[in-house]
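Reading through the structure tokens given below for one structure.
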Amino acid sequence: MMERLKKYIRIIDRWIIGIVLELIYPLITFSAAAILCFLLYLTVFIRK
Amino acid sequence: MIPYFSREDVGLILYYLGKIIKGIGIIMLIPLFIGVINHEWSPSINFLFTSLLSISIGCLLIIIFQEDRDLNWRQGMSVVALCWIIVMFLGAIPLYLSGHYINYLDASFESMSAIATTGLTVVNDLDHMSYAYNFWRHLMCFIGGQGIILVALTLFVRGGSVFKVYVGEAREEKIMPNIIQTARFIWLVSLTYLVIGTTILFGINLWRNMSPGRALFHAICLFMAGWDTAGFAVQSQNVLYYHSPAIELFTAMFFLLGAVNFGVHYTVWTGKPRELLRNYELKIYIVSILITFFLVCTGFIIHFQFPDFISFFREGFYQLISAHTGVGYSNMTFHNFAYWPPLAILGLIIAMGLGGSSTSTSGGIKILRIGILLKGIKKELKVLTSPGATVVVERFHHIRDIEIEDTHIKMAAIIIILYITLYITGGLIGVFYGYPFLPSLFESVSASANVGLSMGITSPFMPAGLKITYIIQMWIGRLEFISVFVLFRFLLSLKSPE
Amino acid sequence: MKKTGIFLGVLTVLFSSTAIASKDVKQLGSTIPLRVLFETPSLYDGKEVIVKGEVVGDIMRDGKSFWINIEDEGFFIGIVINAFQKEKIKYTGRYKIKGDVVKISGVYHLHCPLHSGERDIHAEQFEIIESGYKIPEVIESKRVIGSILLVIITIFLLIYSNRKSIHKYTDGQQK
């Protein structure tokens, strides 16, 4: 019984970690794009 | 000698279609329920009518063409291609009865746009549409995004032969060895995110003073159309309606995840989170997003008229990510394209054309094919530049390490060429109807890659011929050619049996 | 004499107030169709405009102010209003409800610097020119009758197909 419970907890644990990582993933992508865009914006701004 | 279709196939195909039509009839009971709890009696009756009609037609087909045989590959493909058309017609009936569409063609356009997860809309006065109809629009997105066959697979149809059918919906990978398990896993991912996404969006809506009922309705609909990269929204202004950067951020998060391969979801969820970093397709995807966004940014250098960085990023990046994932959510109206420079629009068109990951809910060429083609080019270059006898091997990591074979490259190249042909053909038809080239191409790519952004061509008042063109493009684009070709072959061989 | 003075005083106040009021109405006189604001935004960007339209959907909070969306002949724009103005709105357009038609004067922004680049109007004067109302639902009796007929047909077909499949099943067992 305990072992079964432990097994389930481990599966759910993995799920939660997976979901959290997946939720962070788009944020990283967006930040990368934002940084790229901001750099470009800065260079253009300075030039003008 | 390739065997032709015989007339016996017709019965079998119709039998399976009957099952799916019956299933759609049963699914229509959900909007009926929404209508009843909101005391919307007129829509409820329309849904009852359509639902019963579908169930009766389905039952009739099942009774008349009672069969024991399993589908073979070609029959399965024909079932897929046909069932999308039939679901389009059936799904359009309640929409047409709603009175929000000028004619049945418009309702069919909307219905195909929903099930093919495109999001181009020709609705009139969406803001006064009842909850039942509006929910049906979004539910169709969800069904189409998951895959009609996949839905049928998990709910209504039993039997081993259905995998052949499932392949027809542009989902060639089996995530798990068993097809039913795969279908269940896709549902598990979608429903888990449905709960998470709806909760977050519901919270934001509540915090913004919307009434709880409407907050929940908006949250569910936004999520369903976002996750399945459809791009319908509850109100006419799409995401702009909310005037909320928070909603934009979270919808963008969820549709980016919706455009990620379900195989990757599976691997990450089962304790291999490093797949997020190692996956070849994801890497290419991120690079592709950055490159196309760079195009959009450089386009704006010459004519930058935003007051600050934030407003530019908000408008530019949201359109781009929406285009690249194939969603079509937009936080501006198409009038804003008037000041978008051509290079930025071109960036969007390329992003739309490339599309999301394979085995996800998004449309377009799909990043994996681009990746395979790139590897193929690299391999060929290596072969050309190395001495005669060397064996060149190229590998990429997608769930597992895969060695590139010529058949992979060939298939990827064929599909890419077909997609580009489809894009250009639609663009030319747009030009033929008198629209300028860039908007025509934009709209054509948007329809064929199942995106749903519009530069203003798509409206209830566009020519009927163009509507039909876009319907066909959405259909072919969603099913990725193969099953449509098989269906055409089937129809041709019926005409001239040999 | 005193009475006449008071009478004249009251009269002046009344006149002047009507004059002010009529001036107010005059200010909110000619409206610009939203179509024009969308098709030639550069002409009106940053300038005060008067628009009218039906309030649709929800009233959404954003900090201390509120967002509404108005519709004018198929064109939509977001309006920022304050809590006081919000109270005036009774009906917002949705199914079975025609929303209040409002007339708004305020500054039009193509890219509002306060709202991270949105196209909006910050309402200064706000009045309801047509009150909204409930629209009764029309139920077509034809469709009701059709549905009832279909209920019968469907039940018949379902029973028939079930019986057929049960027959088949038992046939299979006998063999």
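We label chains A, B, ... in the order they appear in the structure tokens, count residues from 1 in each chain, and number ligands from 1 in the order shown.
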Next on the checklist: Taking 3 positions as the minimum chain separation for residues in the same chain, which residues sit within 10 Å of Gln85 of chain C when counting only C-alpha atoms? Answer as a list in words.
Outcome noted: Ser65, Phe66, Val80, Ile81, Asn82, Lys88, Ile89, Ala123, Glu124, Gln125, Phe126, Glu127 and Ile128 of chain C
What does the file look like for those residues with C-alpha atoms, as a short mmCIF file (atom, residue, chain, number, x, y, z; two decimals), in the first residue's frame?
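File out-v9.cif, as written:
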```cif
data_model
loop_
_atom_site.label_atom_id
_atom_site.label_comp_id
_atom_site.auth_asym_id
_atom_site.auth_seq_id
_atom_site.Cartn_x
_atom_site.Cartn_y
_atom_site.Cartn_z
CA SER C 65 -10.19 53.37 -14.16
CA PHE C 66 -12.38 51.05 -16.22
CA VAL C 80 -11.17 54.41 -20.58
CA ILE C 81 -13.73 55.72 -18.13
CA ASN C 82 -13.69 56.52 -14.42
CA LYS C 88 -24.10 55.64 -15.49
CA ILE C 89 -24.04 52.53 -17.65
CA ALA C 123 -13.35 59.74 -21.84
CA GLU C 124 -13.69 63.21 -20.43
CA GLN C 125 -17.37 63.85 -20.99
CA PHE C 126 -19.66 60.93 -21.03
CA GLU C 127 -23.37 60.80 -21.60
CA ILE C 128 -25.92 58.18 -22.43
#
```
Next on the checklist: I'd like to know which residues of segment 95-239 of chain B are alpha helix (DSSP H) (by DSSP, run on the backbone); could you write them as a PyMOL selection string?
Outcome noted: chain B and resi 95-97+104-115+131-146+148-155+162-167+179-207+212-227
Checklist outcome for this item: Pairwise distance, atom CA of Asn46 of chain B with atom CA of Ala107 of chain B, equals 14.1 Å
Item to check | Expected answer as a PyMOL selection string: chain C residues within 6 Å of chain B, only C-alpha atoms | outcome: chain C and resi 60-61+94-95+116-117+139+147+154+161
Could you save those same residues with N, CA and C atoms as an mmCIF file, in the first residue's frame?
```
data_model
loop_
_atom_site.group_PDB
_atom_site.id
_atom_site.type_symbol
_atom_site.label_atom_id
_atom_site.label_comp_id
_atom_site.auth_asym_id
_atom_site.auth_seq_id
_atom_site.Cartn_x
_atom_site.Cartn_y
_atom_site.Cartn_z
ATOM 1 N N MET C 60 -14.497 46.431 -17.600
ATOM 2 C CA MET C 60 -13.362 45.770 -16.957
ATOM 3 C C MET C 60 -12.498 46.772 -16.205
ATOM 4 N N ARG C 61 -12.116 46.370 -15.007
ATOM 5 C CA ARG C 61 -11.346 47.260 -14.162
ATOM 6 C C ARG C 61 -9.882 47.251 -14.593
ATOM 7 N N ARG C 94 -25.163 42.443 -25.102
ATOM 8 C CA ARG C 94 -24.859 41.017 -25.211
ATOM 9 C C ARG C 94 -26.104 40.330 -25.741
ATOM 10 N N TYR C 95 -26.160 39.017 -25.651
ATOM 11 C CA TYR C 95 -27.317 38.313 -26.199
ATOM 12 C C TYR C 95 -28.585 38.753 -25.465
ATOM 13 N N SER C 116 0.279 51.235 -22.574
ATOM 14 C CA SER C 116 1.264 50.515 -23.395
ATOM 15 C C SER C 116 0.825 50.337 -24.848
ATOM 16 N N GLY C 117 0.555 51.469 -25.462
ATOM 17 C CA GLY C 117 0.411 51.470 -26.917
ATOM 18 C C GLY C 117 -0.933 51.065 -27.467
ATOM 19 N N ILE C 139 -38.860 32.550 -30.712
ATOM 20 C CA ILE C 139 -38.730 31.100 -30.921
ATOM 21 C C ILE C 139 -39.622 30.706 -32.077
ATOM 22 N N SER C 147 -38.039 19.761 -34.299
ATOM 23 C CA SER C 147 -37.265 19.077 -33.264
ATOM 24 C C SER C 147 -38.061 17.930 -32.657
ATOM 25 N N THR C 154 -35.358 9.949 -34.086
ATOM 26 C CA THR C 154 -34.082 9.535 -33.517
ATOM 27 C C THR C 154 -34.270 8.379 -32.549
ATOM 28 N N SER C 161 -31.347 0.456 -34.358
ATOM 29 C CA SER C 161 -29.932 0.099 -34.570
ATOM 30 C C SER C 161 -29.422 -0.745 -33.409
#
```
Please tabulate, as a tab-separated table, the residues of chain A that come within 7 Å of chain B, each with its closest pair of atoms and the distance in Å to one decimal, counting only C-alpha atoms and ordering rows by chain, then residue number upward.
```
residue	atom	partner	partner_atom	distance
A:Arg14	CA	B:Gly271	CA	5.2
A:Trp15	CA	B:Trp269	CA	4.7
A:Gly18	CA	B:Trp269	CA	4.7
A:Ile19	CA	B:Trp269	CA	6.9
A:Pro26	CA	B:Met253	CA	5.5
A:Thr29	CA	B:Ile286	CA	6.9
A:Ala33	CA	B:Leu290	CA	6.1
A:Cys37	CA	B:Cys297	CA	6.8
A:Val44	CA	B:Ile301	CA	6.8
```
Filtering to C-alpha atoms, could you give me those residues as a compact mmCIF listing (two decimals), in the first residue's frame?
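Listed below is the output, part.txt:
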```
# COMPACT_ATOMS: atom_id res chain seq x y z
CA ARG A 14 7.40 14.36 -12.06
CA TRP A 15 4.27 15.75 -13.64
CA GLY A 18 7.35 18.94 -15.87
CA ILE A 19 4.42 21.35 -15.95
CA PRO A 26 7.64 30.29 -22.84
CA THR A 29 11.48 32.54 -24.97
CA ALA A 33 12.82 38.01 -27.79
CA CYS A 37 14.16 43.62 -29.52
CA VAL A 44 18.17 52.54 -33.45
```
Item to check | Contacts of Ile220 of chain B at 7 Å (only C-alpha atoms; same-chain gap of 4+ positions) as number ranges by chain | outcome: B: 198, 216, 224
Item to check | Non-local contacts of Trp84 of chain B (10 Å; only C-alpha atoms; under 2 positions in same chain excluded) as a VMD selection string | outcome: chain B and resid 17 20 79 to 82 86 to 90 112 115 to 116 144 147 to 149 169 475 478 to 479
How would the residues just chosen look if you wrote them out with N, CA and C atoms as a compact mmCIF listing (two decimals), in the first residue's frame?
```txt
# COMPACT_ATOMS: atom_id res chain seq x y z
N LEU B 17 -18.22 6.90 -41.30
CA LEU B 17 -18.66 8.30 -41.26
C LEU B 17 -19.91 8.43 -40.40
N ILE B 20 -19.02 8.69 -36.86
CA ILE B 20 -18.48 10.01 -36.48
C ILE B 20 -19.58 11.06 -36.44
N VAL B 79 -11.89 8.42 -45.07
CA VAL B 79 -12.83 8.73 -43.98
C VAL B 79 -12.43 10.05 -43.33
N VAL B 80 -11.12 10.21 -43.06
CA VAL B 80 -10.66 11.43 -42.42
C VAL B 80 -11.02 12.64 -43.26
N ALA B 81 -10.61 12.61 -44.54
CA ALA B 81 -10.81 13.77 -45.39
C ALA B 81 -12.29 14.11 -45.50
N LEU B 82 -13.12 13.06 -45.66
CA LEU B 82 -14.55 13.30 -45.80
C LEU B 82 -15.17 13.79 -44.51
N ILE B 86 -17.80 16.84 -43.72
CA ILE B 86 -19.16 16.62 -43.21
C ILE B 86 -19.36 17.33 -41.88
N VAL B 87 -18.33 17.28 -41.02
CA VAL B 87 -18.44 17.98 -39.75
C VAL B 87 -18.57 19.48 -39.99
N MET B 88 -17.89 19.97 -41.02
CA MET B 88 -18.04 21.38 -41.36
C MET B 88 -19.51 21.70 -41.66
N PHE B 89 -20.13 20.88 -42.51
CA PHE B 89 -21.51 21.16 -42.88
C PHE B 89 -22.45 21.04 -41.68
N LEU B 90 -22.24 20.01 -40.87
CA LEU B 90 -23.12 19.82 -39.71
C LEU B 90 -22.90 20.93 -38.69
N MET B 112 -15.56 25.55 -40.76
CA MET B 112 -14.28 24.98 -41.18
C MET B 112 -13.13 25.71 -40.51
N ILE B 115 -12.92 24.14 -36.99
CA ILE B 115 -12.39 22.78 -36.84
C ILE B 115 -10.98 22.65 -37.39
N ALA B 116 -10.64 23.50 -38.37
CA ALA B 116 -9.27 23.45 -38.87
C ALA B 116 -8.37 24.34 -38.00
N GLY B 144 -11.59 20.19 -33.25
CA GLY B 144 -10.74 20.17 -34.44
C GLY B 144 -9.27 20.16 -34.08
N GLY B 147 -8.31 16.96 -32.91
CA GLY B 147 -8.47 16.04 -34.03
C GLY B 147 -9.81 15.34 -33.89
N ILE B 148 -10.66 15.51 -34.90
CA ILE B 148 -12.00 14.91 -34.83
C ILE B 148 -11.90 13.41 -34.61
N ILE B 149 -10.94 12.82 -35.37
CA ILE B 149 -10.79 11.38 -35.27
C ILE B 149 -10.31 11.00 -33.87
N GLU B 169 -4.81 12.73 -39.77
CA GLU B 169 -4.97 14.06 -39.20
C GLU B 169 -3.65 14.73 -38.90
N TRP B 475 -8.87 23.30 -45.14
CA TRP B 475 -9.09 21.85 -45.06
C TRP B 475 -7.81 21.11 -45.44
N ARG B 478 -4.95 21.74 -42.92
CA ARG B 478 -5.08 21.06 -41.64
C ARG B 478 -4.74 19.59 -41.76
N LEU B 479 -5.16 18.97 -42.90
CA LEU B 479 -4.96 17.52 -43.04
C LEU B 479 -3.61 17.18 -43.68
```
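Going from atom CA of Ala219 of chain B to atom CA of Phe202 of chain B covers 5.1 Å.
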Checklist entry - What's the 7 Å shell around Phe75 of chain C, counting only C-alpha atoms, without same-chain residues fewer than 4 positions away, as a list in words? => result Leu34, Arg35 and Glu71 of chain C
Okay, now the selection with C-alpha atoms, as a CSV table (one decimal), in the first residue's frame?
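Dumped to result19.csv:
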```csv
chain,number,residue,atom,x,y,z
C,34,LEU,CA,-15.3,55.3,-35.6
C,35,ARG,CA,-14.7,54.3,-39.2
C,71,GLU,CA,-19.4,49.6,-31.3
```
Next on the checklist: Could you tell me how far atom CA of Val327 of chain B sits from atom CA of Ser362 of chain B, in Å to one decimal place?
Outcome noted: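 Pair atom CA of Ser362 of chain B / atom CA of Val327 of chain B returns 7.3 Å.
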Checklist entry - Would you give me, as a PyMOL selection string, the residues in segment 51-156 of chain C that DSSP reads as strand (DSSP E)? => result chain C and resi 51-62+65-72+75-81+97-98+101-112+118-130+133-134
Could those selected residues go to a file with C-alpha atoms, as an mmCIF file, in the first residue's frame?
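Contents of the output file out-v2.cif:
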```
data_model
loop_
_atom_site.group_PDB
_atom_site.id
_atom_site.type_symbol
_atom_site.label_atom_id
_atom_site.label_comp_id
_atom_site.auth_asym_id
_atom_site.auth_seq_id
_atom_site.Cartn_x
_atom_site.Cartn_y
_atom_site.Cartn_z
ATOM 1 C CA VAL C 51 -17.696 59.538 -30.722
ATOM 2 C CA LYS C 52 -20.789 57.548 -30.039
ATOM 3 C CA GLY C 53 -21.515 53.863 -29.941
ATOM 4 C CA GLU C 54 -23.189 50.985 -28.190
ATOM 5 C CA VAL C 55 -21.459 49.661 -25.080
ATOM 6 C CA VAL C 56 -20.815 45.950 -25.641
ATOM 7 C CA GLY C 57 -19.546 43.162 -23.434
ATOM 8 C CA ASP C 58 -18.135 43.843 -20.031
ATOM 9 C CA ILE C 59 -16.889 46.735 -17.982
ATOM 10 C CA MET C 60 -13.362 45.770 -16.957
ATOM 11 C CA ARG C 61 -11.346 47.260 -14.162
ATOM 12 C CA ASP C 62 -7.828 48.495 -14.797
ATOM 13 C CA SER C 65 -10.188 53.369 -14.164
ATOM 14 C CA PHE C 66 -12.379 51.048 -16.220
ATOM 15 C CA TRP C 67 -12.392 49.824 -19.777
ATOM 16 C CA ILE C 68 -15.460 49.599 -21.928
ATOM 17 C CA ASN C 69 -15.756 48.775 -25.601
ATOM 18 C CA ILE C 70 -18.117 50.611 -27.882
ATOM 19 C CA GLU C 71 -19.363 49.587 -31.294
ATOM 20 C CA ASP C 72 -20.225 51.949 -34.084
ATOM 21 C CA PHE C 75 -15.999 49.342 -35.683
ATOM 22 C CA PHE C 76 -14.875 48.944 -32.100
ATOM 23 C CA ILE C 77 -12.741 50.981 -29.792
ATOM 24 C CA GLY C 78 -11.750 50.740 -26.149
ATOM 25 C CA ILE C 79 -12.747 53.648 -23.929
ATOM 26 C CA VAL C 80 -11.165 54.409 -20.576
ATOM 27 C CA ILE C 81 -13.732 55.718 -18.126
ATOM 28 C CA ILE C 97 -29.644 42.902 -24.491
ATOM 29 C CA LYS C 98 -29.077 46.031 -26.513
ATOM 30 C CA VAL C 101 -25.607 54.030 -26.652
ATOM 31 C CA VAL C 102 -23.118 56.507 -25.264
ATOM 32 C CA LYS C 103 -21.635 59.712 -26.542
ATOM 33 C CA ILE C 104 -18.115 60.367 -25.419
ATOM 34 C CA SER C 105 -15.689 63.173 -25.810
ATOM 35 C CA GLY C 106 -12.064 62.560 -25.066
ATOM 36 C CA VAL C 107 -8.567 62.377 -26.470
ATOM 37 C CA TYR C 108 -7.985 59.741 -29.134
ATOM 38 C CA HIS C 109 -4.678 57.904 -29.070
ATOM 39 C CA LEU C 110 -3.420 55.666 -31.814
ATOM 40 C CA HIS C 111 -0.757 54.453 -29.369
ATOM 41 C CA CYS C 112 -1.738 55.460 -25.893
ATOM 42 C CA GLU C 118 -3.272 50.675 -27.196
ATOM 43 C CA ARG C 119 -5.638 52.485 -29.501
ATOM 44 C CA ASP C 120 -8.055 54.147 -27.112
ATOM 45 C CA ILE C 121 -10.055 57.179 -26.096
ATOM 46 C CA HIS C 122 -9.827 58.582 -22.587
ATOM 47 C CA ALA C 123 -13.349 59.736 -21.840
ATOM 48 C CA GLU C 124 -13.691 63.208 -20.433
ATOM 49 C CA GLN C 125 -17.368 63.854 -20.991
ATOM 50 C CA PHE C 126 -19.658 60.930 -21.026
ATOM 51 C CA GLU C 127 -23.372 60.800 -21.598
ATOM 52 C CA ILE C 128 -25.920 58.177 -22.427
ATOM 53 C CA ILE C 129 -27.952 59.197 -25.419
ATOM 54 C CA GLU C 130 -30.039 56.065 -25.814
ATOM 55 C CA TYR C 133 -33.150 47.522 -23.391
ATOM 56 C CA LYS C 134 -33.900 43.856 -23.291
#
```
